[in-house]
Protein chains: 4
Amino acid sequence: MGKVNIGVIGVGRIGSMHARNLKYQVSGVNVLGVADVFEKAAQKVANELVIPIAEKDYRVLLENKDIDAVVICSSTDTHAQIISEAAQAGKHIFCEKPIALDVEKIDQAIAAVKKTGVKLQVGFNRRFDPSFKKAKDLVAKGTIGTPHLVRITSRDPEPPPISYIKVSGGIFLDMMIHDFDMARYLLDQEVVELMAVGSCLVDPAIGEAGDIDTAIVTLKYEGGAWGTIDNSRKAVYGYDQRIEIFGSEGCVIVGNPRPTEVIINSAKNTISDKPLYFFIERYQEAYLAEMKEFIKCVQENKEPSVGGFDGKISVQMGYAAKESLTMGSFVKIGN
Amino acid sequence: MGKVNIGVIGVGRIGSMHARNLKYQVSGVNVLGVADVFEKAAQKVANELVIPIAEKDYRVLLENKDIDAVVICSSTDTHAQIISEAAQAGKHIFCEKPIALDVEKIDQAIAAVKKTGVKLQVGFNRRFDPSFKKAKDLVAKGTIGTPHLVRITSRDPEPPPISYIKVSGGIFLDMMIHDFDMARYLLDQEVVELMAVGSCLVDPAIGEAGDIDTAIVTLKYEGGAWGTIDNSRKAVYGYDQRIEIFGSEGCVIVGNPRPTEVIINSAKNTISDKPLYFFIERYQEAYLAEMKEFIKCVQENKEPSVGGFDGKISVQMGYAAKESLTMGSFVKIGN
Amino acid sequence: MGKVNIGVIGVGRIGSMHARNLKYQVSGVNVLGVADVFEKAAQKVANELVIPIAEKDYRVLLENKDIDAVVICSSTDTHAQIISEAAQAGKHIFCEKPIALDVEKIDQAIAAVKKTGVKLQVGFNRRFDPSFKKAKDLVAKGTIGTPHLVRITSRDPEPPPISYIKVSGGIFLDMMIHDFDMARYLLDQEVVELMAVGSCLVDPAIGEAGDIDTAIVTLKYEGGAWGTIDNSRKAVYGYDQRIEIFGSEGCVIVGNPRPTEVIINSAKNTISDKPLYFFIERYQEAYLAEMKEFIKCVQENKEPSVGGFDGKISVQMGYAAKESLTMGSFVKIGN
Amino acid sequence: MGKVNIGVIGVGRIGSMHARNLKYQVSGVNVLGVADVFEKAAQKVANELVIPIAEKDYRVLLENKDIDAVVICSSTDTHAQIISEAAQAGKHIFCEKPIALDVEKIDQAIAAVKKTGVKLQVGFNRRFDPSFKKAKDLVAKGTIGTPHLVRITSRDPEPPPISYIKVSGGIFLDMMIHDFDMARYLLDQEVVELMAVGSCLVDPAIGEAGDIDTAIVTLKYEGGAWGTIDNSRKAVYGYDQRIEIFGSEGCVIVGNPRPTEVIINSAKNTISDKPLYFFIERYQEAYLAEMKEFIKCVQENKEPSVGGFDGKISVQMGYAAKESLTMGSFVKIGN
C-alpha cells in the first residue's frame, strides 16, 4: 500500500509527541488530522505540525474516508469506546495503555476489533526500548539459560497530581501496569499468580486519595520462575527503570542511561550524571520505534507484537495486585 | 591489657582462615592453640602457623588458663554447647553463625554468656565489608533520607554438597540467614514480618533433600519500609552480593567488586572481569575486620556490635521464612 | 524574521542527513532546494524529503531570491569557491569542514564572508556533542581549576578508501582536524606549537598512498597547558572518541556512549556493548544541534560560535603537524 | 632449600612495609634482622615485628652467615654500594628503585651481582599489580593483535617535599621511572627513542628547586608502536594510575580501583568513590606479590623477572627524557 493516513485522537503531551514523530520521523505516513476535546489544543498542534484537519470531535476523523488508522491518546475512560467505533469505521488502531480500567469494556473493545479485523496495537512503549528489547532477545535465544528470577525496578521522579491519582485506578493500574507487561514480555511467559505489598511512604495526600505510593509485587511465572517488581512514586534522582533476568547460565542486567558520558574526578568524589528525568526523555527512542512498528504492521498487514490481549492481561494483573494487597495473600491472574 | 591469647576451635576452611588472620594480620594477639575433632587438621594448621597447642578436644583449650578467648568454627550443632562451656570457663567468644538451629539452645547459650559477662560476637562477616558498611553508615547519617525500599541480592556460585543441605536447616537457615542479618543491619531496624516464596530450579537433588534452591523473601520493617531478598544456590558467574537502599532523598547501591580493573574492547563487545568467586575471596577484608573488632572489644572491654541477640533474630527469621513458605502468607518474626 | 529558506549543496551522506534534519527536526525552516553534481542524487533526496527544487548546479540555488542560507556539503575542493559565491549572493552559510586545504583559499573565502556580512558556520559537529559540550562548560566554569593536561582519543572504526586518502590532505587534515578544533574548543585557548609523530601501522596501502594511519600529536597551549591527541584509522571495536581534561582542581573525562545499557554476566566474563559504530551514530545529536544553532544565528542575527577563523586555524594546525612529522621537532602554529 | 633468612636494610615507610609483608604474609621466610641509619627506627620495627636483630650498620647483616638475602630500602644514593657489598657477601638482593642515579654506578653494581651469581630483583612493584599484569598477559597472548599505541597515566595525589625533589633526580628519575619500566613491561619491547615536554604548573617552588611537575613523554618502540606517558605531581582526586594498550585487534584499558563499590544516586548527581589515595593503598597486593616472587626465585634458584638490566634501562630513559626536555627533540635511549 501507499502512504498510511493517520488521525491522532487526543493531543496532550503523549498525543502531540506521537503526532510529531509520525509527521517527521516515520516514513510512509501522512498525518491527516488531529482531534481533541480541547479544540484549541487540536488547532495548536495542527498548526505547528502543518496537519490539515483539527477537530474537537474524534468522530470526524473516523468518518473521514482517507484516514487509514488512528492513534488514540485521549483520556483513559474514552479508550474502549473509541476503539470500538474506530474498529467499526474500519480504522487500524494504536491505543495508549490502558485500554480501560474495566475488564468487560476491554473485552468489548477487543471483540469489536476482532470482528472487523483491523489492527490493534497497545502503547506498551517500554517493549521498544533498545536495551530492554536486547535483554528480552538474549533471554529468548538462551543466553542466560532457563530464567529463574526476574527483577523490575520502576520508580518515577515525582508523583502525578492528586487529582489524577483519584481517577487513575491507583498505582497498580496507572504505573505498575507497564511493569506487569514488561514482566510478561521479558520471559514471553504468563504470570500465574502474584502477591502485592505496599504502603504510603512518599506523600500522605496520596494515601488520603485512597492510593499507595510504594509497592513491591512478587510474581510466579507459569514456567516456574519468580519475579519482583518495585515501584515508588518518587525517586529524587530521576526516572529509575532497570531490569534484571537471572537464569541457569547467567544474568542480563539493564541499567539507566544517562544524558552524557561525563565523569568528574574531584577532590571529594567521582561524579557522573543522574538518570534521564522521566519517560519522555528515557523512552524517546521507544516511542518512535513503537510507532514505526505500528505503521509497518498496517502497511504489511501484520499483527502488532503487542495487542489487545496484552492490554487486557496487564489490567487483570493490576486488579489481582489490588486484591492481593487487601487480602495479604497470593492472587491468581485472570479468571 | 596485654596480648590477647586465643584458641581456635574447629580449623576447617573458615577456622584456619581466622587462625591465619589472627596470627599474621591482627596485632595484640597470640594464637596459643587450635582444636579440631580431626586431630590431624589441628596439627597441620598448628604446624603451618607455628601455634604451640594442637588438640582434638576443645576442652583442653577451655581449661588452659592462659587462653583469654576462643574462636568457634566447629560444626553448627556444637556451637551452643561450646559457647556455654566457654562462657563458664570465662573465655570471650567469637562464634561462627548460626549459634544453633534450635532457638531454645540459642537462648541457653546467650544466658550462659550473660551470666558470666564474657563477650560474644557472632560471625556475621558481611557487616564488616567496607562497601556494605559504608552503605549502612550513609543510611544512618541520613544521606538517602527515610528508607523506603531495601533490596539484597545474594547468590552463591555453586550449591553446597547435598549431604550438607540435609543437615544445614535449609536455604533460609544456612544461606539467607546472612541476608536477614544484613537487612536488619542496613536500616538498624527490626523486620516485623516476612513472606517467603521459592522452589527448586537449580538441581532436583536439592529438592529431593527437602530444600529449595531459589527463593525470594519480602520483608516489612518496623519503620514502614519494605525489603526483598533473593537467593539462588547457583550463579554461574560467581558470587553475587549486591544491596540497594532507596529512600526519600536518594538511593545507595553496592555492586560486586571484581578481581581486576581490566576492560577489553574487542571487535565483538566490551569485556570485563566476572565477580570474585566466593566468600573467601569476596569477604577477605571483612573476615579480617570482624576479627580485629572482636579483639578490640576484648582488649577495651567493649560490647561487640553484633552479638547473641543478632544471632538469635536471624535464626528466628529463617524459621519464619520456612513457615511462610509452607503457609503462603506473611509470618511475624519471633514471639 | 519568519521561516529560514534553505538550500543544501551536495547531498551525499552528510548533506542528505543535514537536509533530513532541517526538514524534520529543526523548526522555523523550509528546505527549498538541493543541488548535487550527481543530479540523480539531488532528485532522489528531493523526492524523499518533498523538497521543491533539485538541481545539478548549485548556482541555481544561489540565484534563487527566496533562499536565505545554504548548507555546503559538496566535495572539499569546492567549499571555498561556493562560500565566496554564496556570500556574494547574500546567503548565510553553513559549510562542512575543511573550508579548503589551501590556507590562501580559506582567507579569500573568509574575506568574501566578511565583506558581505553573512553568517558563516563551519561544521565542527563535535563541539555540539552533549558530553563534550558539558566537559567544556565545566572547564569554563572552573570545576577543574587551571587546566594542565588535555587528552583527545580519536580512532575511526575503519580507514576510508585509498582513493579518498590520496586527495584528503592526509590524516592531519582529514581526520585530526576535528581533534585540533576540539583541543582549542575545550580550553577556549589557542595552541601555540605542536609536535607530531606517527607511522603506517594499519595498512601498508595507506603508506603507499603517502599517508600514515597512526599518529600522536603533542600540543602546547598558550596558557601553559599540554595536550595529546592520538589517532588511528582503525579501531576494530568501533568509533573511539574520548577526551580528558586534567587540572589543578580535578579531572573531567568523557567516555564512549554505547547503543544499549545491557550487561551480561556469563560464566566466563562480564559483557557490555561496544561503542557506537561511526560518526553518523555517535554524533547524531551533535549534527542536529549544530544545525539548530546555525538556524538560530540566522534568525536572531547572531554570530555562530564556530566560524571561519576556527576553520582556518584547524587547517593550519594540520599543516603544522605535517611539517612537524617531517622535521621531527615542534612547529609553531600559523604564521 | 628451607626457610629463606632475610635482612631488611632501611626501614622507612617502604622498608617496614616489606618487613611486615615478609614476616606475616610470605611463607618460607624468616626475617632475621633489620638495619637503619636511624637506629631507633630499626629497633622500633624489630620490636613490633618480633625480629631478633636490629642494627644501625647494614654491614652487620651482610656479615651474618645465617642471612640468605637482603631487601634494600635505604636512601637511593646508598643502593649501588650496598648491592655490591651484598653480592660480595653472597646475599641475594631485592633493591628498591632506582639502583642509582649514576649509570656507571649501576653498571658496577650489576657487574658485582653478575660476578657472584646472586639474584637481583629491582622493586618495580607495578609489574605485580594484578590489573596491569593481566593487561600485559593479554597483550602477550595476542588478544589485541599487534600493539600500535600505549598510554600510561601516572599522577600523584601530592608532590613530595621540596627537599626530596632537590636530590631525587627530578620527575623523570623519581616518578616517571616507574612508567618507563611499565612501558617496556607492557609490550615486552624496548623503547628506542623518546621526546619529553613539560613545565612547572603545580607549584612554583618545584620549579625553583630545578624540577618540573607536569610532563608528557612520547615513546617510540622498537616494534614500531608509539606510546605516551603523562605525569603530574598533583591530582587532587588521588593516585591516578591507568594504562591503555591499543592494537590491531582491540584495546585493553586498566582503570583505577576504588576503596568501595558504593554508588549514591542523589537529587543532584551520581556519586562514587574517588581512587585510592597513594601507592601504599593502590599497590598493596603488588608489593606483596613482588616479595613472593623474590623469595620464590631465591628458593627455586630462578632469575627474577625484573632485574638489574631493567633497573638500568629505566634510569637511562629518565636521562634521555631530561635531555629531550632541554633539546626539544627526540633522544635515543642508552648509548
# chains A, B, ... in the order shown; residues from 1 in each chain; ligands from 1
>>> interface_residues(of="chain C", to="chain D", cutoff="6 Å", atoms="only C-alpha atoms", output="MDAnalysis selection string")
chainID C and resid 236 249:250 329
>>> residues_around(residues="Ile51 of chain C", least_positions_apart="2", cutoff="8 Å", atoms="only C-alpha atoms", output="list in words")
Val31, Leu32, Gly33, Val34, Val45, Ala46, Asn47, Glu48, Leu49, Ile53 and Ala54 of chain C
>>> residues_around(residues="segment 107-122 of chain C", least_positions_apart="2", cutoff="6 Å", atoms="only C-alpha atoms", output="list in words")
Ala80, Ile83, Ser84, Ala87, His92, Ile93, Phe94, Cys95, Glu96, Glu104, Lys105, Phe124, Pro304, Val306, Gly307 and Gly308 of chain C
>>> write_last_selection(atoms="N, CA and C atoms", output="tab-separated table (two decimals), in the first residue's frame")
chain	number	residue	atom	x	y	z
C	80	ALA	N	35.53	26.50	-0.77
C	80	ALA	CA	35.93	27.91	-0.70
C	80	ALA	C	35.25	28.72	-1.80
C	83	ILE	N	31.59	29.16	-1.00
C	83	ILE	CA	31.43	30.14	0.08
C	83	ILE	C	31.48	31.56	-0.48
C	84	SER	N	32.49	31.81	-1.29
C	84	SER	CA	32.65	33.15	-1.85
C	84	SER	C	31.42	33.55	-2.67
C	87	ALA	N	28.37	34.06	-0.43
C	87	ALA	CA	28.49	35.32	0.31
C	87	ALA	C	28.10	36.48	-0.60
C	92	HIS	N	23.46	33.28	3.87
C	92	HIS	CA	24.17	32.79	5.04
C	92	HIS	C	24.69	31.39	4.74
C	93	ILE	N	25.78	31.02	5.43
C	93	ILE	CA	26.49	29.81	5.00
C	93	ILE	C	26.82	28.90	6.18
C	94	PHE	N	26.41	27.65	6.04
C	94	PHE	CA	26.95	26.59	6.88
C	94	PHE	C	27.82	25.76	5.95
C	95	CYS	N	29.09	25.56	6.32
C	95	CYS	CA	29.98	24.79	5.43
C	95	CYS	C	30.65	23.66	6.20
C	96	GLU	N	30.61	22.49	5.61
C	96	GLU	CA	31.32	21.36	6.21
C	96	GLU	C	32.81	21.64	6.24
C	104	GLU	N	45.35	30.01	1.67
C	104	GLU	CA	45.05	31.23	0.91
C	104	GLU	C	43.58	31.24	0.47
C	105	LYS	N	43.12	30.09	0.02
C	105	LYS	CA	41.71	29.99	-0.39
C	105	LYS	C	40.77	30.22	0.79
C	124	PHE	N	32.14	21.91	12.55
C	124	PHE	CA	32.82	21.13	13.59
C	124	PHE	C	31.76	20.60	14.55
C	304	PRO	N	27.73	32.83	14.61
C	304	PRO	CA	27.90	31.42	15.01
C	304	PRO	C	29.09	31.26	15.94
C	306	VAL	N	31.20	28.93	16.00
C	306	VAL	CA	32.35	28.32	15.34
C	306	VAL	C	32.36	28.73	13.87
C	307	GLY	N	33.32	29.60	13.52
C	307	GLY	CA	33.25	30.23	12.20
C	307	GLY	C	34.51	30.07	11.36
C	308	GLY	N	34.71	31.01	10.48
C	308	GLY	CA	35.79	30.93	9.51
C	308	GLY	C	37.17	30.86	10.15
>>> closest_residue(among="D:Glu55, D:Val60, D:Val315, D:Ile14", to="Ile72 of chain D", atoms="only C-alpha atoms")
D:Ile14
>>> residues_around(residues="Lys91 of chain D", least_positions_apart="5", cutoff="6 Å", atoms="only C-alpha atoms", output="PDB file with N, CA and C atoms, in the first residue's frame")
ATOM      1  N   ASP D  68      70.341 -15.087  54.162  1.00  0.00           N
ATOM      2  CA  ASP D  68      70.456 -15.523  52.765  1.00  0.00           C
ATOM      3  C   ASP D  68      70.265 -14.375  51.783  1.00  0.00           C
ATOM      4  N   ALA D  69      69.455 -13.425  52.206  1.00  0.00           N
ATOM      5  CA  ALA D  69      69.071 -12.387  51.240  1.00  0.00           C
ATOM      6  C   ALA D  69      68.786 -11.083  51.955  1.00  0.00           C
ATOM      7  N   ALA D  86      76.667  -6.533  49.217  1.00  0.00           N
ATOM      8  CA  ALA D  86      75.808  -7.689  49.484  1.00  0.00           C
ATOM      9  C   ALA D  86      76.164  -8.828  48.537  1.00  0.00           C
TER      10      ALA D  86
END
>>> atom_distance(atom1="atom CA of Phe128 of chain A", atom2="atom CA of Arg155 of chain A")
18.7 Å
>>> residues_around(residues="segment 265-273 of chain A", least_positions_apart="2", cutoff="9 Å", atoms="only C-alpha atoms", output="list in words")
Arg258, Pro259, Thr260, Glu261, Val262, Ile263, Pro275 and Leu276 of chain A; Thr143, Ile144, Glu249, Gly250, Cys251, Val252 and Ile253 of chain C; Ala235, Val236, Tyr237, Gly238, Lys268, Asn269, Thr270, Ile271, Ser272, Asp273, Lys274 and Pro275 of chain D
>>> atom_distance(atom1="atom CA of Leu138 of chain A", atom2="atom CA of Glu290 of chain A")
19.8 Å
>>> select_by_dssp(residues="segment 86-288 of chain D", states="helix (DSSP H, G or I)", output="tab-separated table (two decimals) with N, CA and C atoms, in the first residue's frame")
chain	number	residue	atom	x	y	z
D	86	ALA	N	76.67	-6.53	49.22
D	86	ALA	CA	75.81	-7.69	49.48
D	86	ALA	C	76.16	-8.83	48.54
D	87	ALA	N	76.40	-8.47	47.27
D	87	ALA	CA	76.76	-9.50	46.29
D	87	ALA	C	78.06	-10.17	46.71
D	88	GLN	N	79.04	-9.36	47.11
D	88	GLN	CA	80.31	-9.94	47.57
D	88	GLN	C	80.11	-10.84	48.78
D	103	VAL	N	74.58	6.08	35.97
D	103	VAL	CA	74.57	4.83	35.20
D	103	VAL	C	75.84	4.02	35.43
D	104	GLU	N	76.95	4.69	35.60
D	104	GLU	CA	78.20	3.98	35.85
D	104	GLU	C	78.12	3.16	37.14
D	105	LYS	N	77.56	3.77	38.16
D	105	LYS	CA	77.39	3.05	39.43
D	105	LYS	C	76.45	1.85	39.26
D	106	ILE	N	75.43	2.04	38.44
D	106	ILE	CA	74.52	0.91	38.18
D	106	ILE	C	75.29	-0.23	37.53
D	107	ASP	N	76.12	0.15	36.54
D	107	ASP	CA	76.92	-0.87	35.85
D	107	ASP	C	77.82	-1.62	36.84
D	108	GLN	N	78.43	-0.89	37.74
D	108	GLN	CA	79.30	-1.53	38.74
D	108	GLN	C	78.51	-2.49	39.62
D	109	ALA	N	77.35	-2.04	40.03
D	109	ALA	CA	76.52	-2.90	40.88
D	109	ALA	C	76.10	-4.17	40.13
D	110	ILE	N	75.68	-3.97	38.90
D	110	ILE	CA	75.27	-5.12	38.09
D	110	ILE	C	76.45	-6.07	37.90
D	111	ALA	N	77.62	-5.50	37.66
D	111	ALA	CA	78.81	-6.33	37.47
D	111	ALA	C	79.11	-7.16	38.73
D	112	ALA	N	78.98	-6.53	39.88
D	112	ALA	CA	79.22	-7.24	41.15
D	112	ALA	C	78.25	-8.40	41.31
D	113	VAL	N	77.02	-8.15	40.94
D	113	VAL	CA	75.99	-9.19	41.03
D	113	VAL	C	76.30	-10.34	40.09
D	114	LYS	N	76.66	-9.97	38.86
D	114	LYS	CA	76.95	-10.98	37.85
D	114	LYS	C	78.12	-11.86	38.29
D	115	LYS	N	79.13	-11.21	38.85
D	115	LYS	CA	80.35	-11.91	39.27
D	115	LYS	C	80.06	-12.99	40.32
D	116	THR	N	79.18	-12.66	41.26
D	116	THR	CA	78.95	-13.60	42.36
D	116	THR	C	77.74	-14.50	42.12
D	125	ASN	N	57.39	-2.43	41.49
D	125	ASN	CA	56.22	-3.07	42.06
D	125	ASN	C	55.02	-3.13	41.13
D	126	ARG	N	54.89	-2.12	40.27
D	126	ARG	CA	53.67	-2.05	39.45
D	126	ARG	C	53.52	-3.22	38.50
D	127	ARG	N	54.66	-3.83	38.15
D	127	ARG	CA	54.58	-5.03	37.31
D	127	ARG	C	53.76	-6.13	37.98
D	128	PHE	N	53.64	-6.06	39.29
D	128	PHE	CA	52.98	-7.13	40.04
D	128	PHE	C	51.54	-6.78	40.41
D	130	PRO	N	47.79	-6.82	39.93
D	130	PRO	CA	47.00	-7.83	39.21
D	130	PRO	C	46.39	-7.30	37.91
D	131	SER	N	45.94	-6.05	37.91
D	131	SER	CA	45.32	-5.50	36.69
D	131	SER	C	46.36	-5.27	35.59
D	132	PHE	N	47.48	-4.66	35.95
D	132	PHE	CA	48.50	-4.38	34.94
D	132	PHE	C	49.10	-5.69	34.42
D	133	LYS	N	49.27	-6.65	35.34
D	133	LYS	CA	49.81	-7.94	34.92
D	133	LYS	C	48.85	-8.64	33.94
D	134	LYS	N	47.57	-8.56	34.24
D	134	LYS	CA	46.60	-9.18	33.34
D	134	LYS	C	46.63	-8.49	31.98
D	135	ALA	N	46.73	-7.16	31.98
D	135	ALA	CA	46.80	-6.41	30.72
D	135	ALA	C	48.01	-6.87	29.90
D	136	LYS	N	49.14	-6.94	30.56
D	136	LYS	CA	50.36	-7.38	29.87
D	136	LYS	C	50.20	-8.79	29.31
D	137	ASP	N	49.61	-9.67	30.12
D	137	ASP	CA	49.42	-11.06	29.68
D	137	ASP	C	48.48	-11.13	28.47
D	138	LEU	N	47.45	-10.30	28.48
D	138	LEU	CA	46.53	-10.28	27.34
D	138	LEU	C	47.25	-9.81	26.07
D	139	VAL	N	48.10	-8.80	26.22
D	139	VAL	CA	48.89	-8.33	25.08
D	139	VAL	C	49.81	-9.46	24.60
D	140	ALA	N	50.45	-10.12	25.55
D	140	ALA	CA	51.41	-11.17	25.22
D	140	ALA	C	50.76	-12.32	24.46
D	162	ILE	N	59.90	19.52	48.94
D	162	ILE	CA	60.87	20.17	48.07
D	162	ILE	C	62.27	19.63	48.34
D	163	SER	N	62.56	19.33	49.61
D	163	SER	CA	63.87	18.80	49.97
D	163	SER	C	64.15	17.49	49.21
D	164	TYR	N	63.12	16.68	49.04
D	164	TYR	CA	63.29	15.42	48.30
D	164	TYR	C	63.51	15.71	46.81
D	165	ILE	N	62.72	16.64	46.30
D	165	ILE	CA	62.81	16.96	44.87
D	165	ILE	C	64.23	17.41	44.51
D	166	LYS	N	64.86	18.11	45.42
D	166	LYS	CA	66.21	18.63	45.16
D	166	LYS	C	67.25	17.53	44.94
D	167	VAL	N	67.02	16.36	45.54
D	167	VAL	CA	68.01	15.27	45.44
D	167	VAL	C	67.51	14.06	44.67
D	171	ILE	N	61.60	14.73	38.17
D	171	ILE	CA	60.38	13.98	37.85
D	171	ILE	C	60.63	12.75	36.98
D	172	PHE	N	61.58	12.85	36.05
D	172	PHE	CA	61.81	11.71	35.15
D	172	PHE	C	62.52	10.55	35.85
D	173	LEU	N	63.31	10.87	36.88
D	173	LEU	CA	64.08	9.82	37.55
D	173	LEU	C	63.43	9.35	38.85
D	174	ASP	N	62.58	10.17	39.45
D	174	ASP	CA	61.98	9.69	40.70
D	174	ASP	C	60.53	9.27	40.54
D	176	MET	N	58.60	9.26	36.88
D	176	MET	CA	58.30	8.61	35.60
D	176	MET	C	59.11	7.33	35.38
D	177	ILE	N	60.14	7.14	36.16
D	177	ILE	CA	60.94	5.91	36.05
D	177	ILE	C	60.04	4.67	36.14
D	178	HIS	N	59.04	4.73	37.00
D	178	HIS	CA	58.08	3.63	37.10
D	178	HIS	C	57.32	3.43	35.79
D	179	ASP	N	56.99	4.52	35.16
D	179	ASP	CA	56.22	4.45	33.92
D	179	ASP	C	57.08	3.99	32.75
D	180	PHE	N	58.34	4.39	32.77
D	180	PHE	CA	59.26	3.89	31.74
D	180	PHE	C	59.33	2.37	31.83
D	181	ASP	N	59.46	1.87	33.06
D	181	ASP	CA	59.51	0.43	33.22
D	181	ASP	C	58.19	-0.21	32.78
D	182	MET	N	57.08	0.40	33.15
D	182	MET	CA	55.77	-0.11	32.75
D	182	MET	C	55.64	-0.16	31.23
D	183	ALA	N	56.13	0.89	30.58
D	183	ALA	CA	56.06	0.95	29.12
D	183	ALA	C	56.78	-0.23	28.48
D	184	ARG	N	57.95	-0.54	28.98
D	184	ARG	CA	58.73	-1.67	28.46
D	184	ARG	C	58.04	-3.00	28.80
D	185	TYR	N	57.55	-3.08	30.01
D	185	TYR	CA	56.92	-4.31	30.51
D	185	TYR	C	55.67	-4.68	29.70
D	186	LEU	N	54.83	-3.68	29.45
D	186	LEU	CA	53.54	-3.96	28.83
D	186	LEU	C	53.69	-4.61	27.46
D	187	LEU	N	54.64	-4.12	26.67
D	187	LEU	CA	54.82	-4.69	25.33
D	187	LEU	C	55.95	-5.71	25.27
D	204	PRO	N	55.22	26.62	41.99
D	204	PRO	CA	56.44	27.33	41.57
D	204	PRO	C	57.67	26.88	42.35
D	205	ALA	N	57.47	26.45	43.61
D	205	ALA	CA	58.61	26.03	44.42
D	205	ALA	C	59.32	24.83	43.79
D	206	ILE	N	58.57	24.02	43.07
D	206	ILE	CA	59.17	22.88	42.38
D	206	ILE	C	60.09	23.38	41.27
D	207	GLY	N	59.61	24.38	40.59
D	207	GLY	CA	60.44	24.98	39.53
D	207	GLY	C	61.69	25.61	40.11
D	208	GLU	N	61.54	26.27	41.24
D	208	GLU	CA	62.70	26.89	41.87
D	208	GLU	C	63.71	25.84	42.32
D	279	PHE	N	50.35	5.18	46.67
D	279	PHE	CA	50.93	3.88	46.30
D	279	PHE	C	50.78	2.80	47.36
D	280	ILE	N	50.86	3.18	48.64
D	280	ILE	CA	50.74	2.18	49.69
D	280	ILE	C	49.38	1.46	49.60
D	281	GLU	N	48.33	2.24	49.34
D	281	GLU	CA	47.00	1.67	49.22
D	281	GLU	C	46.81	0.98	47.85
D	282	ARG	N	47.22	1.70	46.81
D	282	ARG	CA	46.96	1.23	45.45
D	282	ARG	C	47.73	-0.04	45.13
D	284	GLN	N	49.13	-2.29	47.27
D	284	GLN	CA	49.24	-3.21	48.40
D	284	GLN	C	49.49	-4.66	47.94
D	285	GLU	N	48.64	-5.14	47.03
D	285	GLU	CA	48.81	-6.50	46.52
D	285	GLU	C	50.11	-6.65	45.74
D	286	ALA	N	50.46	-5.59	45.00
D	286	ALA	CA	51.66	-5.66	44.16
D	286	ALA	C	52.92	-5.75	45.00
D	287	TYR	N	52.97	-4.99	46.08
D	287	TYR	CA	54.15	-5.04	46.96
D	287	TYR	C	54.32	-6.43	47.56
D	288	LEU	N	53.21	-7.03	47.91
D	288	LEU	CA	53.29	-8.38	48.46
D	288	LEU	C	53.71	-9.39	47.38
>>> atom_distance(atom1="atom CA of Ile264 of chain A", atom2="atom CA of Thr153 of chain A")
26.9 Å
>>> select_by_dssp(residues="segment 39-243 of chain B", states="strand (DSSP E)", output="VMD selection string")
chain B and resid 53 to 55 69 to 72 92 to 95 120 to 122 147 to 155 191 to 199 214 to 221 226 to 232 240 to 243
